[in-house]
Each structure stands twice: as C-alpha cells, then as structure tokens.
Amino acid sequence: MAPMKVYGWAVSPWMARALVCLEEAGAEYEIVPMSRCGGDHRRPDHLARNPFGEIPVLEDGDLTLYESRAIARYVLRKHRPELLKEGDLEGSAMVDVWMEVEAHHMEATLWTIIRNCITGPYVGRPRDQAAVDESLAKLRAVLPAYEARLSACRYLAGDEVTAADLCHFGFMRYFMATEYAGVVDEYPHVRAWWDALLARPSVKKVIAGMPPDFGYASGNIP
C-alpha cells in the first residue's frame with residue numbers, strides 16, 4: 001500500500017498536529033513540501049484538494065482530507081484507535097471534551113501570543129501588546145482547569161496519552177518559545193504534562209522540523 005501523503009510545511013502548528021499523530025500511529029507517510037511564501041496553497045492544484053486553501057491536507061489512496069483534527073482522528077482511528085479510546089464510551093467522551101477545549105479555548109489564545117511575539121517582528125508587523133495581554137489573561141483563566149484535571153490524572157483523558165494531548169502539541173510548542181512560557185511553570189501539573197509530551201519520540205521527531213522562530217532567522221521560511 002502506498003504511503004499517505006501530507007501536504008504542507010513542517011513548521012506549521014496545524015501541520016504538526018497531523019504529523020505527531022501520524023508518528024504515534026506508526027503510519028507510513030511522506031510530506032509533500034509546499035511554500036507558503038510562494039503561494040502554493042492558493043494554486044489550483046491545492047485548491048482542488050482543499051477549497052479553503054489551507055494546510056495540512058492528507059491523501060490516503062482515493063481519500064482526501066483536510067482540517068488537522070479530522071486528519072488526526074482519521075489516522076488514529078485507522079492505526080491506533082486506543083489513542084481515541086475507541087470502544088470506551090466514557091473514555092472517548094473525555095478525549096472529545098479535551099480536544100474541544102483545545103479547539104475553543106487554547107488555539108486562538110496561543111496563536112495571538114505566538115504571532116505577535118514570534119512571527120510579527122520578522123514580517124514587520126508591530127506587536128499588539130494589548131492583544132497579547134488579553135490572551136495571557138484568557139490563558140491564565142483556562143490553565144487552572146488544566147491543572148485541576150492533570151492533578152487527577154497524568155494526561156487529559158486519563159493516565160495514558162491520547163489524541164487530546166497530542167492535539168495540543170503544535171501551538172504549545174511555539175508558545176513555550178515565547179517570553180511568556182513561564183506562565184506554564186505556575187501550574188506544576190501542566191508543566192509535568194508538557195515535559196512528558198516533549199519526551200515522546202513522536203514529538204521529538206516532529207519538533208526537529210519546527211525551529212522556535214519558524215525559520216525566519218535562518219531564512220529557511222517555507
């Protein structure tokens with residue numbers, strides 16, 4: 001069977017969400033590199049794969065998928081359903097809960113901080129400190145819920161890692177490269193959870209393609 005193809009650029013936190021799940025699944029895949037600066041995601045061939053012009057896109061035989069969480073779920077359902085707690089009604093519900101929390105309470109909050117603190121200076125966009133401060137306040141309002149959950153179990157959906165944890169990786173990776181990473185240290189169980197994720201071979205492999213500055217300093221911008 002031909003390996004799956006993943007279209008995108010490896011530095012993307014959305015791409016990382018798909019890649020870390022592919023690695024955890026032990027699935028055969030190849031990255032089809034694209035250039036954001038070159039506008040590859042707006043070209044007709046890519047728009048035929050994803051009409052919204054976004055990445056990542058996964059091709060598995062005749063199936064084409066977009067949206068990183070959908071890709072993560074598909075890959076794990078196919079190769080490592082235990083990471084979704086498939087067959088466990090309550091367990092799978094907890095995976096869903098924390099994937100929803102990440103989607104609605106973490107991603108946008110972290111991305112505002114990341115784009116202002118990391119990518120903005122390289123593209124000549126002035127920092128909106130008010131937006132950063134607002135997002136930090138939102139983060140500090142959310143993290144106590146994570147701390148409470150992670151004081152009761154090692155990972156978000158129980159004592160074993162699941163998709164709920166893996167789907168946090170991409171944006172946490174870049175947030176932890178900002179000057180505000182110390183916020184996480186205020187929550188020892190959250191910090192221990194993050195350190196446990198960083199120790200996973202899948203995360204180590206994916207993070208190797210994610211320089212903390214998105215590659216801007218070296219000029220290696222996709």
# chains A, B, ... in the order shown; residues from 1 in each chain; ligands from 1
call {"tool": "residues_around", "arguments": {"residues": "A:Arg49", "least_positions_apart": "6", "cutoff": "9 Å", "atoms": "only C-alpha atoms", "output": "ChimeraX atom specification"}}
result
/A:57-59,64-66
call {"tool": "write_last_selection", "arguments": {"atoms": "N, CA, C and O atoms", "output": "mmCIF file, in the first residue's frame"}}
result
data_model
loop_
_atom_site.group_PDB
_atom_site.id
_atom_site.type_symbol
_atom_site.label_atom_id
_atom_site.label_comp_id
_atom_site.auth_asym_id
_atom_site.auth_seq_id
_atom_site.Cartn_x
_atom_site.Cartn_y
_atom_site.Cartn_z
ATOM 1 N N VAL A 57 -3.162 18.891 4.284
ATOM 2 C CA VAL A 57 -4.085 18.033 3.548
ATOM 3 C C VAL A 57 -3.483 16.636 3.533
ATOM 4 O O VAL A 57 -2.275 16.484 3.304
ATOM 5 N N LEU A 58 -4.307 15.643 3.786
ATOM 6 C CA LEU A 58 -3.865 14.248 3.791
ATOM 7 C C LEU A 58 -4.505 13.525 2.624
ATOM 8 O O LEU A 58 -5.717 13.653 2.388
ATOM 9 N N GLU A 59 -3.710 12.773 1.895
ATOM 10 C CA GLU A 59 -4.221 11.867 0.871
ATOM 11 C C GLU A 59 -3.879 10.442 1.277
ATOM 12 O O GLU A 59 -2.718 10.123 1.547
ATOM 13 N N THR A 64 -9.198 12.092 0.340
ATOM 14 C CA THR A 64 -8.510 13.354 0.615
ATOM 15 C C THR A 64 -9.196 14.023 1.794
ATOM 16 O O THR A 64 -10.419 14.183 1.803
ATOM 17 N N LEU A 65 -8.397 14.391 2.785
ATOM 18 C CA LEU A 65 -8.924 15.026 3.995
ATOM 19 C C LEU A 65 -8.200 16.331 4.266
ATOM 20 O O LEU A 65 -6.995 16.455 4.012
ATOM 21 N N TYR A 66 -8.932 17.292 4.800
ATOM 22 C CA TYR A 66 -8.310 18.498 5.342
ATOM 23 C C TYR A 66 -8.917 18.765 6.710
ATOM 24 O O TYR A 66 -9.819 18.056 7.133
#
call {"tool": "select_by_dssp", "arguments": {"residues": "stretch 105-186 of chain A", "states": "helix (DSSP H, G or I)", "output": "number ranges by chain"}}
result
A: 105-123, 129-152, 163-166, 169-175, 182-185
call {"tool": "residues_around", "arguments": {"residues": "stretch 83-100 of chain A", "least_positions_apart": "4", "cutoff": "9 Å", "atoms": "only C-alpha atoms", "output": "ChimeraX atom specification"}}
result
/A:24-25,69,73,76-77,104-105,156-158,160-165,167-168
call {"tool": "residues_around", "arguments": {"residues": "stretch 143-150 of chain A", "least_positions_apart": "5", "cutoff": "7 Å", "atoms": "only C-alpha atoms", "output": "ChimeraX atom specification"}}
result
/A:155-156,187,189-190
call {"tool": "write_last_selection", "arguments": {"atoms": "N, CA and C atoms", "output": "CSV table (one decimal), in the first residue's frame"}}
result
chain,number,residue,atom,x,y,z
A,155,TYR,N,-2.6,12.4,32.1
A,155,TYR,CA,-2.9,13.0,30.8
A,155,TYR,C,-4.4,13.5,30.9
A,156,LEU,N,-4.8,14.2,29.8
A,156,LEU,CA,-6.1,14.9,29.9
A,156,LEU,C,-7.3,14.0,29.9
A,187,TYR,N,1.9,26.3,37.1
A,187,TYR,CA,1.0,25.2,37.2
A,187,TYR,C,1.8,23.9,37.1
A,189,HIS,N,1.4,20.7,37.5
A,189,HIS,CA,0.9,19.5,36.8
A,189,HIS,C,0.9,19.7,35.3
A,190,VAL,N,0.6,21.0,34.9
A,190,VAL,CA,0.6,21.3,33.5
A,190,VAL,C,2.0,21.2,33.0
call {"tool": "select_by_dssp", "arguments": {"residues": "stretch 14-221 of chain A", "states": "strand (DSSP E)", "output": "ChimeraX atom specification"}}
result
/A:29-33,57-60,63-66
call {"tool": "atom_distance", "arguments": {"atom1": "atom CA of A:Lys138", "atom2": "atom CA of A:Ala217"}}
result
29.4 Å
call {"tool": "residues_around", "arguments": {"residues": "A:Thr119", "least_positions_apart": "4", "cutoff": "8 Å", "atoms": "only C-alpha atoms", "output": "CSV table (one decimal) with N, CA and C atoms, in the first residue's frame"}}
result
chain,number,residue,atom,x,y,z
A,114,ILE,N,1.7,34.0,19.9
A,114,ILE,CA,2.7,33.5,19.0
A,114,ILE,C,3.0,34.5,17.9
A,115,ARG,N,1.9,34.9,17.2
A,115,ARG,CA,2.0,35.7,16.0
A,115,ARG,C,2.5,37.1,16.4
A,123,VAL,N,8.1,39.9,10.1
A,123,VAL,CA,7.4,40.4,8.9
A,123,VAL,C,7.0,41.8,9.0
A,213,ASP,N,11.7,30.0,15.9
A,213,ASP,CA,11.3,31.2,15.2
A,213,ASP,C,10.7,31.0,13.8
A,214,PHE,N,10.2,29.8,13.6
A,214,PHE,CA,9.5,29.4,12.4
A,214,PHE,C,10.5,29.4,11.2
A,216,TYR,N,12.5,31.9,10.5
A,216,TYR,CA,12.7,33.3,9.9
A,216,TYR,C,14.2,33.7,10.1
call {"tool": "residues_around", "arguments": {"residues": "A:Glu179", "least_positions_apart": "4", "cutoff": "12 Å", "atoms": "only C-alpha atoms", "output": "PyMOL selection string"}}
result
chain A and resi 113-114+116-118+132+136+174-175+183-184+212
call {"tool": "atom_distance", "arguments": {"atom1": "atom CA of A:Val101", "atom2": "atom CA of A:Gly170"}}
result
14.9 Å
call {"tool": "residues_around", "arguments": {"residues": "stretch 7-17 of chain A", "least_positions_apart": "2", "cutoff": "9 Å", "atoms": "only C-alpha atoms", "output": "NGL selection string"}}
result
:A and (5 or 19-22 or 30-36 or 41 or 46 or 54-59 or 67-69 or 71-72 or 166-174 or 203 or 206-207 or 209-212 or 214-215 or 221-222)
call {"tool": "decode", "arguments": {"residues": "stretch 45-74 of chain A", "atoms": "N, CA and C atoms", "output": "short mmCIF file (atom, residue, chain, number, x, y, z; two decimals), in the first residue's frame"}}
result
data_model
loop_
_atom_site.label_atom_id
_atom_site.label_comp_id
_atom_site.auth_asym_id
_atom_site.auth_seq_id
_atom_site.Cartn_x
_atom_site.Cartn_y
_atom_site.Cartn_z
N ASP A 45 -4.12 23.43 -8.09
CA ASP A 45 -3.98 22.02 -7.73
C ASP A 45 -4.22 21.80 -6.24
N HIS A 46 -3.79 22.77 -5.42
CA HIS A 46 -4.05 22.62 -3.98
C HIS A 46 -5.50 22.94 -3.64
N LEU A 47 -6.06 23.94 -4.29
CA LEU A 47 -7.47 24.26 -4.04
C LEU A 47 -8.39 23.11 -4.43
N ALA A 48 -7.92 22.27 -5.35
CA ALA A 48 -8.69 21.07 -5.70
C ALA A 48 -8.66 20.07 -4.55
N ARG A 49 -7.59 20.12 -3.75
CA ARG A 49 -7.50 19.23 -2.58
C ARG A 49 -8.24 19.83 -1.38
N ASN A 50 -8.11 21.13 -1.21
CA ASN A 50 -8.77 21.83 -0.10
C ASN A 50 -9.28 23.17 -0.62
N PRO A 51 -10.59 23.32 -0.79
CA PRO A 51 -11.13 24.54 -1.37
C PRO A 51 -10.90 25.78 -0.52
N PHE A 52 -10.48 25.57 0.75
CA PHE A 52 -10.22 26.70 1.63
C PHE A 52 -8.77 27.16 1.57
N GLY A 53 -7.95 26.46 0.79
CA GLY A 53 -6.57 26.88 0.60
C GLY A 53 -5.72 26.81 1.85
N GLU A 54 -5.96 25.81 2.68
CA GLU A 54 -5.23 25.67 3.92
C GLU A 54 -4.45 24.36 3.95
N ILE A 55 -3.58 24.25 4.93
CA ILE A 55 -2.83 23.02 5.16
C ILE A 55 -3.03 22.63 6.62
N PRO A 56 -2.85 21.35 6.94
CA PRO A 56 -2.40 20.25 6.10
C PRO A 56 -3.55 19.64 5.31
N VAL A 57 -3.16 18.89 4.28
CA VAL A 57 -4.08 18.03 3.55
C VAL A 57 -3.48 16.64 3.53
N LEU A 58 -4.31 15.64 3.79
CA LEU A 58 -3.86 14.25 3.79
C LEU A 58 -4.50 13.52 2.62
N GLU A 59 -3.71 12.77 1.90
CA GLU A 59 -4.22 11.87 0.87
C GLU A 59 -3.88 10.44 1.28
N ASP A 60 -4.89 9.61 1.32
CA ASP A 60 -4.71 8.18 1.62
C ASP A 60 -5.48 7.41 0.56
N GLY A 61 -4.76 6.99 -0.47
CA GLY A 61 -5.43 6.36 -1.61
C GLY A 61 -6.36 7.35 -2.27
N ASP A 62 -7.62 6.99 -2.39
CA ASP A 62 -8.60 7.86 -3.04
C ASP A 62 -9.21 8.88 -2.09
N LEU A 63 -8.86 8.79 -0.82
CA LEU A 63 -9.43 9.69 0.18
C LEU A 63 -8.57 10.93 0.36
N THR A 64 -9.20 12.09 0.34
CA THR A 64 -8.51 13.35 0.62
C THR A 64 -9.20 14.02 1.79
N LEU A 65 -8.40 14.39 2.79
CA LEU A 65 -8.92 15.03 4.00
C LEU A 65 -8.20 16.33 4.27
N TYR A 66 -8.93 17.29 4.80
CA TYR A 66 -8.31 18.50 5.34
C TYR A 66 -8.92 18.76 6.71
N GLU A 67 -8.40 19.77 7.38
CA GLU A 67 -8.65 20.09 8.80
C GLU A 67 -7.83 19.15 9.68
N SER A 68 -6.91 19.75 10.42
CA SER A 68 -5.90 18.96 11.13
C SER A 68 -6.49 18.00 12.17
N ARG A 69 -7.54 18.41 12.87
CA ARG A 69 -8.12 17.50 13.85
C ARG A 69 -8.82 16.32 13.19
N ALA A 70 -9.45 16.58 12.06
CA ALA A 70 -10.09 15.49 11.32
C ALA A 70 -9.04 14.51 10.82
N ILE A 71 -7.92 15.03 10.36
CA ILE A 71 -6.82 14.17 9.91
C ILE A 71 -6.30 13.34 11.09
N ALA A 72 -6.11 14.01 12.23
CA ALA A 72 -5.62 13.30 13.42
C ALA A 72 -6.56 12.16 13.79
N ARG A 73 -7.83 12.44 13.82
CA ARG A 73 -8.81 11.41 14.20
C ARG A 73 -8.80 10.25 13.19
N TYR A 74 -8.74 10.58 11.93
CA TYR A 74 -8.76 9.53 10.89
C TYR A 74 -7.55 8.62 11.03
#
